[in-house]
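The structure appears right after this line, and notes come after that.
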Number of protein chains: 2
Amino acid sequence: MNIGAAAEASGVNAKMIRHYEAIGLLPPPARRDNSYRDYGAQEVHELRFIGRARKLGFAMPEIAALLTLWRDKGRPSREVKRIASRHLDDLEERIAVMRSMASALRRLVEACHGDERPDCPILDRLEEGF
Amino acid sequence: MNIGAAAEASGVNAKMIRHYEAIGLLPPPARRDNSYRDYGAQEVHELRFIGRARKLGFAMPEIAALLTLWRDKGRPSREVKRIASRHLDDLEERIAVMRSMASALRRLVEACHGDERPDCPILDRLEEGF
DNA sequence: ACTAAACCTTTCCATCATGGGAAGGTCAAG
DNA sequence: CTTGACCTTCCCATGATGGAAAGGTTTAGT
């Protein structure tokens, strides 16, 4: 299977597949005589795994760790849970930050009359920082 | 006022001040004989504005637009409100995405017993994608 | 007056995930 | 036999941030 077909089958585009190989996330695949990369079902399976982990917002080092654990059929689930929990904490932290940004902004937007007059609580806030 | 002092006074570090100048967000400041950048109260005021906008999560193009409006004392608040509203929508969209990531992950983490046994719903989910 | 520290300058490089584009080789269908 | 759709590698760009080098200047301490 060429890289384009593997991309299609896995949902990870060809550019990214090469990238994941370059950063060592994936082992270099077999090459055909024409030097084209050649992928099989297993590789596509791993690519799918990566794609799903990205959709859950895992960063690349975390994905690398999860992938290693996934390949190791005897891994302790403790390890996996630890990585996922840490990521979850991180996500929740970032959500909290964004929520506080959003609520501050929402108050300002609601307070701004938004017409042709120049006075605006949004700019006041950015100016004064109160 | 040297760049270091302006950084201290505004809370925006010197590296970033030069960067904002380089991307055209700030006009090039006066230079002293020694070619050091020379800042006054107005510049520090603008830097503070930028810092606060960053804290509210505005992206640089948005900040550039807000800064232009802020400088224009006769701007219609409508413009400002429009930019802020759009950013707010964007923030809320991203929060929603992250919340759905987090809740999916939370369910998985809770379902994983996290001991020395190898079976793990987190990996199952990444594998199967159900 | 000399020296060392603490500034300042520019320029280059790196991050992280993603992708555009060039230049060139290969393959399949018309 | 040409055309178009692949593939290859390599370089560059993003956005916000910062590290580091190599060099000039100012300030403080002796």
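Simple scheme: letters A, B, ... for chains in structure tokens order, numbers from 1 for residues in each chain, numbers from 1 for ligands in the order shown.
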
Task: Spatial neighbours of DA21 of chain D, max dist 12 Å, only C-alpha atoms (C1' of nucleotides), sep filter under 6 positions, as a ChimeraX atom specification - done: /C:10-13

Resulting file, chosen residues, N, CA and C atoms (P, O5', C5', C4', C3', O3' and C1' of nucleotides), as a PDB file, in the first residue's frame:
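Saved to part.pdb:
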ATOM      1  P    DT C  10      18.362  46.347  16.636  1.00  0.00           P
ATOM      2  O5'  DT C  10      19.202  45.207  15.870  1.00  0.00           O
ATOM      3  C5'  DT C  10      20.191  45.598  14.940  1.00  0.00           C
ATOM      4  C4'  DT C  10      20.969  44.377  14.487  1.00  0.00           C
ATOM      5  C3'  DT C  10      20.123  43.380  13.679  1.00  0.00           C
ATOM      6  O3'  DT C  10      20.747  43.161  12.417  1.00  0.00           O
ATOM      7  C1'  DT C  10      21.248  42.260  15.471  1.00  0.00           C
ATOM      8  P    DT C  11      19.945  42.357  11.307  1.00  0.00           P
ATOM      9  O5'  DT C  11      20.388  40.841  11.588  1.00  0.00           O
ATOM     10  C5'  DT C  11      21.763  40.546  11.814  1.00  0.00           C
ATOM     11  C4'  DT C  11      21.905  39.072  12.128  1.00  0.00           C
ATOM     12  C3'  DT C  11      20.890  38.181  11.396  1.00  0.00           C
ATOM     13  O3'  DT C  11      21.580  37.143  10.727  1.00  0.00           O
ATOM     14  C1'  DT C  11      20.921  37.678  13.712  1.00  0.00           C
ATOM     15  P    DC C  12      20.769  36.174   9.721  1.00  0.00           P
ATOM     16  O5'  DC C  12      20.802  34.791  10.531  1.00  0.00           O
ATOM     17  C5'  DC C  12      22.001  34.414  11.192  1.00  0.00           C
ATOM     18  C4'  DC C  12      21.721  33.286  12.159  1.00  0.00           C
ATOM     19  C3'  DC C  12      20.739  32.236  11.618  1.00  0.00           C
ATOM     20  O3'  DC C  12      21.346  30.957  11.736  1.00  0.00           O
ATOM     21  C1'  DC C  12      20.127  32.911  13.801  1.00  0.00           C
ATOM     22  P    DC C  13      20.583  29.682  11.168  1.00  0.00           P
ATOM     23  O5'  DC C  13      19.925  29.048  12.476  1.00  0.00           O
ATOM     24  C5'  DC C  13      20.756  28.774  13.606  1.00  0.00           C
ATOM     25  C4'  DC C  13      19.900  28.262  14.745  1.00  0.00           C
ATOM     26  C3'  DC C  13      18.844  27.246  14.310  1.00  0.00           C
ATOM     27  O3'  DC C  13      19.004  26.060  15.063  1.00  0.00           O
ATOM     28  C1'  DC C  13      17.881  28.939  15.651  1.00  0.00           C
TER      29       DC C  13
END

Go through chain D and flag each residue having an atom no more than 10 Å from chain A; for those, report the closest pair of atoms plus their distance in Å to one decimal, using only C-alpha atoms (C1' of nucleotides), ordered by chain and rising number, as a Markdown table.
| residue | atom | partner | partner_atom | distance |
| --- | --- | --- | --- | --- |
| D:DC6 | C1' | A:Gly4 | CA | 8.3 |
| D:DC7 | C1' | A:Tyr36 | CA | 6.2 |
| D:DT8 | C1' | A:Tyr36 | CA | 7.3 |

Can you spit out the residues from that selection as a PDB file, in the first residue's frame, using N, CA and C atoms (P, O5', C5', C4', C3', O3' and C1' of nucleotides)?
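This went into result.pdb:
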ATOM      1  P    DC D   6      -3.997  10.534  -7.225  1.00  0.00           P
ATOM      2  O5'  DC D   6      -2.924   9.630  -6.470  1.00  0.00           O
ATOM      3  C5'  DC D   6      -1.676  10.201  -6.169  1.00  0.00           C
ATOM      4  C4'  DC D   6      -0.588   9.258  -6.584  1.00  0.00           C
ATOM      5  C3'  DC D   6       0.585   9.241  -5.612  1.00  0.00           C
ATOM      6  O3'  DC D   6       0.376   8.257  -4.628  1.00  0.00           O
ATOM      7  C1'  DC D   6       1.355   9.417  -7.871  1.00  0.00           C
ATOM      8  P    DC D   7       0.898   8.505  -3.171  1.00  0.00           P
ATOM      9  O5'  DC D   7       2.491   8.575  -3.373  1.00  0.00           O
ATOM     10  C5'  DC D   7       3.223   7.365  -3.505  1.00  0.00           C
ATOM     11  C4'  DC D   7       4.639   7.666  -3.930  1.00  0.00           C
ATOM     12  C3'  DC D   7       5.450   8.470  -2.912  1.00  0.00           C
ATOM     13  O3'  DC D   7       6.059   7.606  -1.978  1.00  0.00           O
ATOM     14  C1'  DC D   7       5.835   9.223  -5.151  1.00  0.00           C
ATOM     15  P    DT D   8       6.761   8.227  -0.699  1.00  0.00           P
ATOM     16  O5'  DT D   8       8.066   8.932  -1.279  1.00  0.00           O
ATOM     17  C5'  DT D   8       9.145   8.122  -1.747  1.00  0.00           C
ATOM     18  C4'  DT D   8      10.284   9.011  -2.205  1.00  0.00           C
ATOM     19  C3'  DT D   8      10.739  10.014  -1.165  1.00  0.00           C
ATOM     20  O3'  DT D   8      11.659   9.407  -0.275  1.00  0.00           O
ATOM     21  C1'  DT D   8      10.586  11.027  -3.320  1.00  0.00           C
TER      22       DT D   8
END

Open item on the list: I'd like the contact shell of Phe58 of chain B - 8 Å cut-off, only C-alpha atoms (C1' of nucleotides), skipping same-chain residues fewer than 5 positions apart - returned as a ChimeraX atom specification.
Closed with: /B:53,63,87

Task: For segment 19-28 of chain A: contacts at 12 Å, only C-alpha atoms (C1' of nucleotides), fewer than 5 positions along chain excluded, given as a ChimeraX atom specification - done: /A:3,12-14,36-39,42-47,49-51,59-68,71 /C:16-19

Selection file, N, CA, C and O atoms (P, O5', C5', C4', C3', O3' and C1' of nucleotides), as a short mmCIF file (atom, residue, chain, number, x, y, z; two decimals), in the first residue's frame:
data_model
loop_
_atom_site.label_atom_id
_atom_site.label_comp_id
_atom_site.auth_asym_id
_atom_site.auth_seq_id
_atom_site.Cartn_x
_atom_site.Cartn_y
_atom_site.Cartn_z
N ILE A 3 1.78 5.38 0.26
CA ILE A 3 1.49 6.30 1.35
C ILE A 3 0.13 6.98 1.19
O ILE A 3 -0.56 7.24 2.18
N VAL A 12 -4.98 9.83 8.30
CA VAL A 12 -3.84 10.69 8.61
C VAL A 12 -3.19 11.05 7.28
O VAL A 12 -2.84 10.14 6.52
N ASN A 13 -3.01 12.31 6.98
CA ASN A 13 -2.54 12.61 5.64
C ASN A 13 -1.06 12.28 5.42
O ASN A 13 -0.29 12.12 6.36
N ALA A 14 -0.71 12.16 4.15
CA ALA A 14 0.61 11.64 3.79
C ALA A 14 1.75 12.47 4.39
O ALA A 14 2.75 11.94 4.87
N TYR A 36 9.31 3.77 -2.97
CA TYR A 36 8.06 4.20 -2.37
C TYR A 36 7.89 3.49 -1.03
O TYR A 36 8.21 2.31 -0.88
N ARG A 37 7.34 4.22 -0.06
CA ARG A 37 7.03 3.56 1.21
C ARG A 37 5.91 2.55 1.00
O ARG A 37 4.96 2.81 0.25
N ASP A 38 6.00 1.45 1.73
CA ASP A 38 5.00 0.39 1.58
C ASP A 38 4.38 0.06 2.94
O ASP A 38 5.08 -0.34 3.86
N TYR A 39 3.09 0.27 3.03
CA TYR A 39 2.41 0.07 4.31
C TYR A 39 1.48 -1.12 4.30
O TYR A 39 0.90 -1.45 3.26
N GLN A 42 -1.08 -3.36 9.68
CA GLN A 42 -0.61 -2.99 11.01
C GLN A 42 -0.26 -1.51 11.10
O GLN A 42 -0.61 -0.81 12.04
N GLU A 43 0.44 -1.04 10.07
CA GLU A 43 0.82 0.37 10.07
C GLU A 43 -0.41 1.27 10.01
O GLU A 43 -0.47 2.30 10.70
N VAL A 44 -1.35 0.88 9.22
CA VAL A 44 -2.57 1.67 9.12
C VAL A 44 -3.27 1.70 10.48
O VAL A 44 -3.78 2.74 10.92
N HIS A 45 -3.23 0.58 11.14
CA HIS A 45 -3.81 0.46 12.46
C HIS A 45 -3.16 1.45 13.43
O HIS A 45 -3.81 2.15 14.19
N GLU A 46 -1.84 1.51 13.37
CA GLU A 46 -1.11 2.43 14.25
C GLU A 46 -1.43 3.89 13.89
O GLU A 46 -1.55 4.75 14.77
N LEU A 47 -1.53 4.14 12.63
CA LEU A 47 -1.85 5.50 12.20
C LEU A 47 -3.22 5.93 12.70
O LEU A 47 -3.41 7.07 13.13
N PHE A 49 -4.62 4.84 15.35
CA PHE A 49 -4.43 5.05 16.78
C PHE A 49 -3.93 6.47 17.03
O PHE A 49 -4.46 7.22 17.87
N ILE A 50 -2.93 6.84 16.30
CA ILE A 50 -2.37 8.18 16.44
C ILE A 50 -3.41 9.26 16.16
O ILE A 50 -3.56 10.22 16.90
N GLY A 51 -4.13 9.06 15.08
CA GLY A 51 -5.17 10.03 14.71
C GLY A 51 -6.20 10.20 15.82
O GLY A 51 -6.60 11.32 16.15
N ALA A 59 -0.67 15.33 23.21
CA ALA A 59 0.49 15.88 22.52
C ALA A 59 1.38 14.74 22.04
O ALA A 59 1.24 13.60 22.49
N MET A 60 2.28 15.05 21.13
CA MET A 60 3.08 14.00 20.52
C MET A 60 3.88 13.14 21.52
O MET A 60 3.90 11.92 21.37
N PRO A 61 4.54 13.71 22.52
CA PRO A 61 5.28 12.85 23.44
C PRO A 61 4.35 11.88 24.18
O PRO A 61 4.72 10.73 24.43
N GLU A 62 3.16 12.36 24.50
CA GLU A 62 2.19 11.50 25.17
C GLU A 62 1.76 10.38 24.22
O GLU A 62 1.63 9.21 24.62
N ILE A 63 1.56 10.75 22.98
CA ILE A 63 1.15 9.74 22.01
C ILE A 63 2.25 8.71 21.83
O ILE A 63 1.99 7.50 21.74
N ALA A 64 3.48 9.17 21.79
CA ALA A 64 4.59 8.23 21.67
C ALA A 64 4.57 7.23 22.83
O ALA A 64 4.73 6.02 22.64
N ALA A 65 4.32 7.74 24.04
CA ALA A 65 4.29 6.86 25.20
C ALA A 65 3.11 5.89 25.12
O ALA A 65 3.25 4.69 25.39
N LEU A 66 1.96 6.41 24.72
CA LEU A 66 0.78 5.55 24.62
C LEU A 66 0.98 4.47 23.57
O LEU A 66 0.57 3.32 23.74
N LEU A 67 1.62 4.86 22.48
CA LEU A 67 1.87 3.92 21.40
C LEU A 67 2.79 2.80 21.87
O LEU A 67 2.56 1.61 21.58
N THR A 68 3.80 3.16 22.61
CA THR A 68 4.71 2.15 23.15
C THR A 68 3.96 1.19 24.08
O THR A 68 4.13 -0.03 24.00
N ARG A 71 1.69 -1.12 22.10
CA ARG A 71 2.41 -2.21 21.43
C ARG A 71 2.81 -3.30 22.42
O ARG A 71 2.97 -4.46 22.04
P DC C 16 8.80 20.44 20.97
"O5'" DC C 16 7.37 20.46 20.29
"C5'" DC C 16 6.30 21.21 20.88
"C4'" DC C 16 5.15 21.23 19.90
"C3'" DC C 16 5.08 20.01 19.00
"O3'" DC C 16 3.81 19.43 19.16
"C1'" DC C 16 4.94 22.03 17.73
P DA C 17 3.53 17.99 18.57
"O5'" DA C 17 2.62 18.37 17.32
"C5'" DA C 17 1.42 19.08 17.57
"C4'" DA C 17 0.82 19.57 16.27
"C3'" DA C 17 0.62 18.49 15.22
"O3'" DA C 17 -0.71 18.61 14.75
"C1'" DA C 17 1.84 20.29 14.31
P DT C 18 -1.30 17.63 13.67
"O5'" DT C 18 -1.15 18.52 12.37
"C5'" DT C 18 -1.53 19.89 12.43
"C4'" DT C 18 -1.04 20.63 11.22
"C3'" DT C 18 -1.13 19.89 9.89
"O3'" DT C 18 -2.37 20.23 9.28
"C1'" DT C 18 0.77 21.34 10.06
P DG C 19 -2.72 19.69 7.86
"O5'" DG C 19 -1.83 20.56 6.86
"C5'" DG C 19 -2.21 21.87 6.57
"C4'" DG C 19 -1.13 22.47 5.72
"C3'" DG C 19 -0.97 21.84 4.33
"O3'" DG C 19 -1.07 22.86 3.37
"C1'" DG C 19 1.09 22.23 5.32
#

TODO: Name the closest residue to Ser103 of chain B among the candidates A:Glu128, A:Leu56, A:Arg48, A:Glu116; distances are taken between atoms, counting only C-alpha atoms.
DONE: A:Leu56

- [ ] Select, from B:Gly114, B:Pro121, B:Pro29, B:Gly57, the residue with the minimum atom-to-atom distance to chain A, counting only C-alpha atoms.
- [x]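 The shortest atom-to-atom distance to chain A comes from B:Gly114.
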
- [ ] Apply DSSP to the backbone of this structure and, from chain B, keep only the residues in strand (DSSP E or B); write these as number ranges by chain.
- [x] B: 30-31, 37-38

Task: Residue nearest chain B among A:Ile17, A:Leu88, A:Ala5, A:Val97 (counting only C-alpha atoms) - done: A:Leu88

TODO: Enumerate as JSON, numbers by chain the residues belonging to chain A that approach chain B to within 7 Å, with only C-alpha atoms taken into account.
DONE: {"A": [49, 52, 53, 56, 57, 70, 73, 74, 75, 76, 77, 78, 81, 84, 85, 88, 91, 92, 95, 98, 101, 102, 105, 106, 109, 112, 114, 115, 116, 117, 118, 119, 120, 123, 126, 127, 129]}

Open item on the list: Please check the contacts: residues of chain C at most 9 Å away from chain B, using only C-alpha atoms (C1' of nucleotides), listed as a PyMOL selection string.
Closed with: chain C and resi 7-9

- [ ] Go ahead and compute the interatomic distance for atom C1' of DG24 of chain C and atom C1' of DT3 of chain D, in Å to one decimal.
- [x]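 Atom C1' of DT3 of chain D lies at a distance of 16.4 Å from atom C1' of DG24 of chain C.
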
Task: Gap from atom CA of Lys15 of chain A to atom C1' of DA16 of chain D - Å, one decimal - done: 24.2 Å
